[in-house]
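Next up, final_21.cif (mmCIF, C-alpha atoms and all ligand atoms):
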```
data_input
loop_
_atom_site.label_atom_id
_atom_site.label_comp_id
_atom_site.auth_asym_id
_atom_site.auth_seq_id
_atom_site.Cartn_x
_atom_site.Cartn_y
_atom_site.Cartn_z
CA MET X 170 0.00 0.00 0.00
CA LEU X 171 2.87 2.33 0.92
CA LYS X 172 6.30 1.62 -0.53
CA ILE X 173 9.17 3.93 0.36
CA GLU X 174 12.39 3.25 -1.49
CA ASN X 175 15.75 4.78 -0.67
CA LEU X 176 14.18 8.07 0.36
CA SER X 177 16.51 10.97 1.11
CA ALA X 178 15.21 14.33 2.22
CA GLY X 179 16.16 17.33 4.29
CA ILE X 180 15.64 20.94 5.09
CA ASP X 181 17.81 24.00 4.47
CA GLY X 182 20.44 21.83 2.78
CA LYS X 183 20.69 19.52 5.79
CA THR X 184 20.13 15.81 5.08
CA ILE X 185 17.73 14.24 7.59
CA LEU X 186 16.34 11.16 5.83
CA ASP X 187 19.21 9.26 4.32
CA GLY X 188 18.21 6.32 2.14
CA LEU X 189 15.11 5.21 4.03
CA SER X 190 13.23 2.16 2.74
CA LEU X 191 10.00 0.79 4.19
CA GLU X 192 6.95 -1.08 2.95
CA VAL X 193 3.54 -1.27 4.56
CA PRO X 194 1.07 -3.64 2.90
CA ALA X 195 -2.69 -3.13 3.23
CA GLY X 196 -4.10 -4.47 6.48
CA GLU X 197 -0.94 -3.82 8.51
CA VAL X 198 0.02 -1.53 11.35
CA HIS X 199 3.73 -0.78 11.19
CA ALA X 200 5.24 0.86 14.25
CA ILE X 201 8.29 3.10 13.94
CA MET X 202 10.42 3.66 17.00
CA GLY X 203 13.70 5.48 17.26
CA PRO X 204 15.84 7.86 19.27
CA ASN X 205 15.14 11.60 19.40
CA GLY X 206 16.27 13.43 16.30
CA ALA X 207 16.31 10.26 14.17
CA GLY X 208 14.01 11.78 11.55
CA LYS X 209 10.65 10.27 12.52
CA SER X 210 8.69 13.53 12.36
CA THR X 211 10.56 14.50 9.19
CA LEU X 212 9.34 11.26 7.59
CA SER X 213 5.73 12.14 8.41
CA TYR X 214 6.18 15.70 7.08
CA VAL X 215 7.73 14.47 3.84
CA LEU X 216 4.92 11.94 3.36
CA GLY X 217 2.41 14.73 3.91
CA GLY X 218 4.17 17.08 1.50
CA ARG X 219 4.93 19.81 4.00
CA PRO X 220 6.51 22.88 2.35
CA GLY X 221 10.19 23.46 3.11
CA TYR X 222 11.18 19.81 3.05
CA GLU X 223 13.25 18.89 0.02
CA VAL X 224 13.33 15.37 -1.35
CA THR X 225 16.77 14.66 -2.79
CA GLY X 226 16.38 11.01 -3.76
CA GLY X 227 14.24 7.90 -3.76
CA SER X 228 10.55 7.27 -4.34
CA VAL X 229 7.28 6.80 -2.49
CA ASP X 230 4.51 4.74 -4.03
CA PHE X 231 1.09 5.14 -2.39
CA MET X 232 -1.58 2.82 -3.77
CA ASP X 233 0.09 2.75 -7.18
CA GLN X 234 0.50 6.52 -7.34
CA ASP X 235 3.68 8.57 -7.14
CA LEU X 236 3.06 10.24 -3.78
CA LEU X 237 5.93 12.72 -4.08
CA ASP X 238 4.41 14.06 -7.30
CA MET X 239 1.11 14.94 -5.57
CA GLU X 240 0.10 18.17 -3.82
CA PRO X 241 -0.71 17.83 -0.10
CA HIS X 242 -4.47 18.16 -0.75
CA GLU X 243 -4.25 15.48 -3.46
CA ARG X 244 -2.53 13.17 -0.99
CA ALA X 245 -5.34 13.73 1.50
CA ALA X 246 -8.01 13.17 -1.14
CA ALA X 247 -6.26 9.93 -2.11
CA GLY X 248 -6.80 8.75 1.47
CA LEU X 249 -3.63 9.72 3.32
CA PHE X 250 -4.08 11.11 6.83
CA LEU X 251 -1.38 12.67 8.97
CA GLY X 252 -1.56 13.09 12.71
CA PHE X 253 0.96 15.55 14.06
CA GLN X 254 3.20 15.45 17.11
CA TYR X 255 2.35 19.12 17.69
CA PRO X 256 -1.23 19.82 16.53
CA VAL X 257 -1.86 23.38 15.32
CA GLU X 258 -4.32 25.78 16.92
CA ILE X 259 -6.71 27.72 14.67
CA PRO X 260 -8.35 30.57 16.62
CA GLY X 261 -11.74 31.62 15.27
CA VAL X 262 -12.44 28.41 13.35
CA SER X 263 -14.50 25.78 15.13
CA ASN X 264 -13.65 22.10 14.86
CA VAL X 265 -17.06 21.47 13.31
CA GLN X 266 -16.49 24.09 10.58
CA PHE X 267 -12.94 22.92 9.97
CA LEU X 268 -13.81 19.24 9.78
CA ARG X 269 -16.82 19.75 7.55
CA GLU X 270 -14.77 21.88 5.14
CA ALA X 271 -11.97 19.31 5.13
CA LEU X 272 -14.31 16.37 4.57
CA ASN X 273 -16.31 18.07 1.83
CA ALA X 274 -13.15 19.25 0.04
CA GLN X 275 -11.95 15.64 -0.04
CA ARG X 276 -15.36 14.35 -1.15
CA LYS X 277 -15.41 16.95 -3.94
CA ALA X 278 -11.94 15.91 -5.11
CA ARG X 279 -13.20 12.32 -5.29
CA GLY X 280 -16.31 13.36 -7.21
CA GLU X 281 -18.64 12.68 -4.25
CA GLU X 282 -21.53 14.85 -3.05
CA PRO X 283 -20.82 17.05 -0.01
CA LEU X 284 -22.50 16.13 3.28
CA THR X 285 -25.27 18.45 4.47
CA GLY X 286 -24.95 20.14 7.86
CA GLY X 287 -27.27 17.56 9.41
CA GLU X 288 -25.49 14.58 7.89
CA PHE X 289 -22.15 15.96 8.99
CA LEU X 290 -23.27 16.55 12.59
CA LYS X 291 -24.57 13.00 12.84
CA LEU X 292 -21.21 11.67 11.65
CA ALA X 293 -19.28 14.01 13.98
CA LYS X 294 -21.37 12.91 16.99
CA GLU X 295 -20.75 9.26 16.21
CA LYS X 296 -16.96 9.75 15.98
CA ALA X 297 -16.81 12.05 19.02
CA GLY X 298 -18.64 9.33 20.97
CA LEU X 299 -16.08 6.77 19.85
CA LEU X 300 -13.26 8.95 21.24
CA ARG X 301 -15.34 10.03 24.26
CA LEU X 302 -14.88 13.68 23.36
CA ASP X 303 -17.73 16.00 24.35
CA MET X 304 -19.48 17.55 21.32
CA ASP X 305 -19.05 20.94 23.03
CA MET X 306 -15.30 20.56 22.44
CA LEU X 307 -15.93 20.24 18.72
CA LYS X 308 -17.83 23.53 18.73
CA ARG X 309 -14.81 25.36 20.11
CA SER X 310 -11.93 26.79 18.03
CA VAL X 311 -9.58 24.13 16.70
CA ASN X 312 -7.28 23.05 19.53
CA VAL X 313 -7.36 26.47 21.27
CA GLY X 314 -7.12 25.87 25.01
CA PHE X 315 -7.29 22.09 24.55
CA SER X 316 -5.23 19.93 26.86
CA GLY X 317 -2.68 17.59 25.28
CA GLY X 318 -5.08 14.67 25.62
CA GLU X 319 -8.03 16.62 24.19
CA LYS X 320 -5.96 17.62 21.14
CA LYS X 321 -5.06 14.03 20.45
CA ARG X 322 -8.64 12.83 20.88
CA ALA X 323 -9.90 15.65 18.64
CA GLU X 324 -7.35 14.60 16.05
CA MET X 325 -8.62 11.03 16.19
CA VAL X 326 -12.20 12.33 15.78
CA GLN X 327 -10.91 14.13 12.69
CA MET X 328 -9.41 10.85 11.46
CA GLY X 329 -12.70 9.05 12.09
CA ILE X 330 -14.63 11.65 10.10
CA LEU X 331 -12.20 11.69 7.17
CA ASP X 332 -12.03 7.86 7.20
CA PRO X 333 -8.61 7.66 5.50
CA LYS X 334 -7.12 4.60 3.82
CA PHE X 335 -3.73 5.14 5.39
CA ALA X 336 -2.74 7.03 8.54
CA VAL X 337 0.69 8.28 9.57
CA LEU X 338 0.45 8.99 13.29
CA ASP X 339 3.36 10.83 14.91
CA GLU X 340 3.55 10.31 18.66
CA THR X 341 -0.21 10.23 19.04
CA ASP X 342 0.44 8.90 22.54
CA SER X 343 2.56 11.84 23.73
CA GLY X 344 1.02 13.67 26.67
CA LEU X 345 -1.74 11.12 27.23
CA ASP X 346 -2.57 9.64 30.61
CA ILE X 347 -3.28 5.90 30.85
CA ASP X 348 -7.04 6.21 30.33
CA ALA X 349 -6.75 8.62 27.38
CA LEU X 350 -4.11 6.36 25.86
CA ARG X 351 -6.53 3.45 25.91
CA VAL X 352 -9.36 5.53 24.41
CA VAL X 353 -7.09 6.85 21.65
CA GLY X 354 -5.59 3.41 20.98
CA GLU X 355 -9.03 1.81 20.76
CA GLY X 356 -10.12 4.67 18.48
CA ILE X 357 -7.21 3.93 16.15
CA ASN X 358 -8.20 0.26 16.13
CA ALA X 359 -11.87 1.02 15.42
CA ILE X 360 -11.09 3.47 12.61
CA MET X 361 -8.03 1.93 10.99
CA ARG X 362 -7.95 -1.80 11.79
CA GLN X 363 -9.98 -2.64 8.71
CA PRO X 364 -9.23 -4.59 5.54
CA GLY X 365 -7.54 -2.46 2.90
CA LYS X 366 -6.25 0.11 5.39
CA GLY X 367 -2.77 0.70 6.75
CA VAL X 368 -1.06 2.61 9.54
CA LEU X 369 2.42 3.94 10.19
CA LEU X 370 2.49 4.44 13.94
CA ILE X 371 5.40 6.52 15.26
CA THR X 372 5.83 6.10 18.99
CA HIS X 373 8.41 6.14 21.75
CA TYR X 374 6.54 3.81 24.02
CA GLN X 375 5.43 0.23 24.18
CA ARG X 376 2.25 1.27 26.05
CA LEU X 377 0.33 2.35 22.94
CA LEU X 378 1.50 -0.80 21.19
CA GLU X 379 -0.21 -2.88 23.86
CA VAL X 380 -3.52 -1.44 22.64
CA VAL X 381 -2.78 -0.98 18.93
CA LYS X 382 -0.88 -4.21 18.35
CA PRO X 383 1.56 -3.69 15.47
CA ASP X 384 2.20 -6.31 12.81
CA ARG X 385 5.74 -5.04 12.26
CA VAL X 386 8.10 -2.80 14.21
CA SER X 387 11.01 -0.86 12.71
CA ILE X 388 13.76 1.18 14.27
CA LEU X 389 14.57 4.48 12.56
CA ALA X 390 18.00 5.84 13.39
CA LYS X 391 20.09 8.48 11.65
CA GLY X 392 17.57 8.88 8.84
CA ARG X 393 17.06 5.27 7.85
CA ILE X 394 15.43 2.04 8.93
CA VAL X 395 18.11 0.02 10.67
CA LYS X 396 16.08 -2.94 11.95
CA THR X 397 12.63 -4.44 11.38
CA GLY X 398 10.96 -7.18 13.37
CA GLY X 399 7.72 -8.27 14.97
CA PRO X 400 6.02 -6.83 18.08
CA GLU X 401 8.70 -8.42 20.27
CA LEU X 402 11.18 -5.82 18.96
CA ALA X 403 9.20 -3.05 20.68
CA GLU X 404 9.29 -4.98 23.94
CA ARG X 405 13.04 -5.43 23.68
CA LEU X 406 13.55 -1.71 23.00
CA GLU X 407 11.45 -0.85 26.03
CA ASN X 408 13.37 -3.25 28.25
CA GLU X 409 16.90 -2.82 26.92
CA GLY X 410 16.97 0.61 25.21
CA TYR X 411 18.05 1.62 21.72
CA ASP X 412 21.77 1.48 22.39
CA ALA X 413 21.68 -2.16 23.47
CA VAL X 414 19.44 -3.34 20.64
CA MET X 415 21.25 -1.31 17.96
CA GLY X 416 24.69 -1.99 19.40
CA GLU X 417 24.42 -5.70 18.74
CA MET X 418 23.95 -4.92 15.04
CA ALA X 419 27.21 -3.01 14.77
P1 LIG X 501 12.40 12.86 15.53
O1 LIG X 501 10.98 13.10 15.19
O2 LIG X 501 12.85 11.45 15.21
O3 LIG X 501 12.74 13.20 16.93
P2 LIG X 501 12.91 15.01 13.64
O4 LIG X 501 12.44 14.50 12.33
O5 LIG X 501 12.04 15.95 14.37
O6 LIG X 501 13.32 13.76 14.58
O7 LIG X 501 14.34 15.71 13.45
C1 LIG X 501 15.41 15.04 12.80
C2 LIG X 501 16.63 15.94 12.76
O8 LIG X 501 16.37 17.04 11.90
C3 LIG X 501 17.02 16.54 14.10
O9 LIG X 501 18.42 16.54 14.17
C4 LIG X 501 16.46 17.93 14.03
O10 LIG X 501 17.21 18.82 14.82
C5 LIG X 501 16.60 18.26 12.56
N1 LIG X 501 15.60 19.24 12.10
C6 LIG X 501 14.26 19.10 12.20
N2 LIG X 501 13.64 20.20 11.72
C7 LIG X 501 14.62 21.03 11.31
C8 LIG X 501 14.63 22.35 10.73
N3 LIG X 501 13.49 23.00 10.47
N4 LIG X 501 15.84 22.88 10.42
C9 LIG X 501 16.99 22.23 10.67
N5 LIG X 501 17.03 21.00 11.23
C10 LIG X 501 15.88 20.41 11.55
MG MG X 502 11.33 14.03 18.59
MG MG X 503 9.34 13.70 16.23
#
```
For this file, write the structure as structure tokens.
Ligand code: ADP
Ligand code: MG
Ligand code: MG
Amino acid sequence: MLKIENLSAGIDGKTILDGLSLEVPAGEVHAIMGPNGAGKSTLSYVLGGRPGYEVTGGSVDFMDQDLLDMEPHERAAAGLFLGFQYPVEIPGVSNVQFLREALNAQRKARGEEPLTGGEFLKLAKEKAGLLRLDMDMLKRSVNVGFSGGEKKRAEMVQMGILDPKFAVLDETDSGLDIDALRVVGEGINAIMRQPGKGVLLITHYQRLLEVVKPDRVSILAKGRIVKTGGPELAERLENEGYDAVMGEMA
């Protein structure tokens, strides 16, 4: 579903991703773990097409399309969703407005009819319920004054509404307490653990992986994937640390 080959990319002339290769077939959750500064967030930005990031080599195939040749909005319309480590705040724009605009823009790009206000609210209520986020939160400005946990749950409501084919989630577990972690993890399962869908789950911690059980786990270090294994790799990293697990490869 997603095939990254030998991807190199950077910012301001600085190389951050350095020959990264990774494949995620449909139906799989692939966890990415790695030390701070390894390039995990950069990978999610490059996949999303964030301005400022320059791709200097390699290719990314997303559902038989050349992802790197697509505009960010085309990537979203094709079914790619990005969850950010640091969600943006948008004062003056309510979540409901924002999400309805985003959904209808994607539906339009796919040649589908927009949802009416009533249809959209019904959908939003259903997804907010799934993430146990009060509908009042969705009527407030996007992320303004939200706690860390509320931002992450609102982002998962957004994912539920957009119903993407593939999600890249960057430290969706950061700043969550144990209960919120479970709610968010179960939300990811409900929305994305479906045939034909895939997830790239970037995380520092094993905890989220106890709820969203990954099929594969890779270590990203110094801009490339240095090791891939099953779920047991995440447990080893948690118990032994990156240095020990990566040191044995040297
Ligand atoms: P991770 O998410 O794995 O912690 P990042 O992708 O955020 O890593 O960062 C990878 C490296 O790129 C780090 O060394 C970081 O300092 C550097 N970097 C990130 N953004 C920029 C930027 N805008 N300008 C220069 N260097 C950057
Ligand atoms: Mg980091
Ligand atoms: Mg990061």
What's around Thr184 of chain X at 12 Å? Count only C-alpha atoms, leave out sequence neighbours fewer than 4 positions away in its own chain, and write the answer as a PDB file with C-alpha atoms, in the frame of the given file.
```pdb
ATOM      1  CA  LEU X 176      14.180   8.070   0.360  1.00  0.00           C
ATOM      2  CA  SER X 177      16.510  10.970   1.110  1.00  0.00           C
ATOM      3  CA  ALA X 178      15.210  14.330   2.220  1.00  0.00           C
ATOM      4  CA  GLY X 179      16.160  17.330   4.290  1.00  0.00           C
ATOM      5  CA  ILE X 180      15.640  20.940   5.090  1.00  0.00           C
ATOM      6  CA  GLY X 188      18.210   6.320   2.140  1.00  0.00           C
ATOM      7  CA  LEU X 189      15.110   5.210   4.030  1.00  0.00           C
ATOM      8  CA  ALA X 207      16.310  10.260  14.170  1.00  0.00           C
ATOM      9  CA  GLY X 208      14.010  11.780  11.550  1.00  0.00           C
ATOM     10  CA  THR X 211      10.560  14.500   9.190  1.00  0.00           C
ATOM     11  CA  LEU X 212       9.340  11.260   7.590  1.00  0.00           C
ATOM     12  CA  TYR X 222      11.180  19.810   3.050  1.00  0.00           C
ATOM     13  CA  GLU X 223      13.250  18.890   0.020  1.00  0.00           C
ATOM     14  CA  VAL X 224      13.330  15.370  -1.350  1.00  0.00           C
ATOM     15  CA  THR X 225      16.770  14.660  -2.790  1.00  0.00           C
ATOM     16  CA  GLY X 226      16.380  11.010  -3.760  1.00  0.00           C
ATOM     17  CA  LYS X 391      20.090   8.480  11.650  1.00  0.00           C
ATOM     18  CA  GLY X 392      17.570   8.880   8.840  1.00  0.00           C
ATOM     19  CA  ARG X 393      17.060   5.270   7.850  1.00  0.00           C
TER      20      ARG X 393
END
```
Per-residue nearest contacts chain X to ligand MG 502 (chain X), cut-off 10 Å, using only C-alpha atoms and all ligand atoms, as a Markdown table:
```
| residue | atom | partner | partner_atom | distance |
| --- | --- | --- | --- | --- |
| X:Gly203 | CA | X:MG502 | MG | 9.0 |
| X:Pro204 | CA | X:MG502 | MG | 7.7 |
| X:Asn205 | CA | X:MG502 | MG | 4.6 |
| X:Gly206 | CA | X:MG502 | MG | 5.5 |
| X:Ala207 | CA | X:MG502 | MG | 7.7 |
| X:Gly208 | CA | X:MG502 | MG | 7.9 |
| X:Lys209 | CA | X:MG502 | MG | 7.2 |
| X:Ser210 | CA | X:MG502 | MG | 6.8 |
| X:Thr211 | CA | X:MG502 | MG | 9.4 |
| X:Gln254 | CA | X:MG502 | MG | 8.4 |
| X:Asp339 | CA | X:MG502 | MG | 9.3 |
| X:Glu340 | CA | X:MG502 | MG | 8.6 |
| X:Thr372 | CA | X:MG502 | MG | 9.7 |
| X:His373 | CA | X:MG502 | MG | 9.0 |
```
Provide the atom CA of Phe267 of chain X to atom CA of Leu216 of chain X distance in Å, to one decimal place.
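Going from atom CA of Phe267 of chain X over to atom CA of Leu216 of chain X, I get 22.0 Å.
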Can you pull out the residues contacting Gly217 of chain X? Cut-off 7 Å, using only C-alpha atoms, and skip same-chain residues under 2 positions away; I want them as an MDAnalysis selection string.
chainID X and resid 213:215 219 241 251
If you measure from atom CA of Glu401 of chain X to atom CA of Val386 of chain X, what distance in Å do you get, rounded to one decimal?
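A separation of 8.3 Å between them.
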Of the listed residues X:Val395, X:Leu191, X:Val353, X:Glu288, that which approaches Met328 of chain X most closely, counting only C-alpha atoms
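Selected residue with least distance to Met328 of chain X: X:Val353.
Going from atom CA of Ser263 of chain X over to atom O4 of ligand LIG 501 (chain X), you cover 29.3 Å.
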Counting all atoms listed in the file, which of X:Lys291, X:Arg405, X:Arg385, X:Lys396 gets nearest to Val198 of chain X?
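So, comparing all the options, the nearest one is X:Arg385.
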Kindly extract all protein, DNA and RNA residues lying within 7 Å of the coordinates (4.8, 0.1, 0.2) given in the file, considering only C-alpha atoms, and supply them as a PyMOL selection string.
chain X and resi 170-173+191-194+230-231
Please work out which residues fall within 10 Å of (-10.6, 11.4, -1.9), coordinates as given in the file, with all atoms listed in the file counting, and return them as a ChimeraX atom specification.
/X:242-249,272-281,331-334
Any idea what's packed within 7 Å of segment 368-370 of chain X, counting all atoms listed in the file, ignoring anything in its chain fewer than 4 positions away? Could you give it as a ChimeraX atom specification?
/X:197-201,335-339
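Remark: for Glu295 of chain X, the closest of the candidate residues X:Gln327, X:Asn264, X:Asn312, X:Ser343 is X:Gln327 (distances computed over only C-alpha atoms).
Between ligand MG 503 (chain X) and the candidates X:Gly318, X:Gly227, X:Gly252, X:Gly298, the tightest atom-to-atom separation, counting all atoms listed in the file, involves X:Gly252.
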Could you check the closest approach to ligand LIG 501 (chain X) for each of X:Pro220, X:Lys183, X:Leu268, X:Arg309 and tell me which residue wins, using only C-alpha atoms and all ligand atoms?
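Looking only at the distances to ligand LIG 501 (chain X), the closest residue turns out to be X:Lys183.
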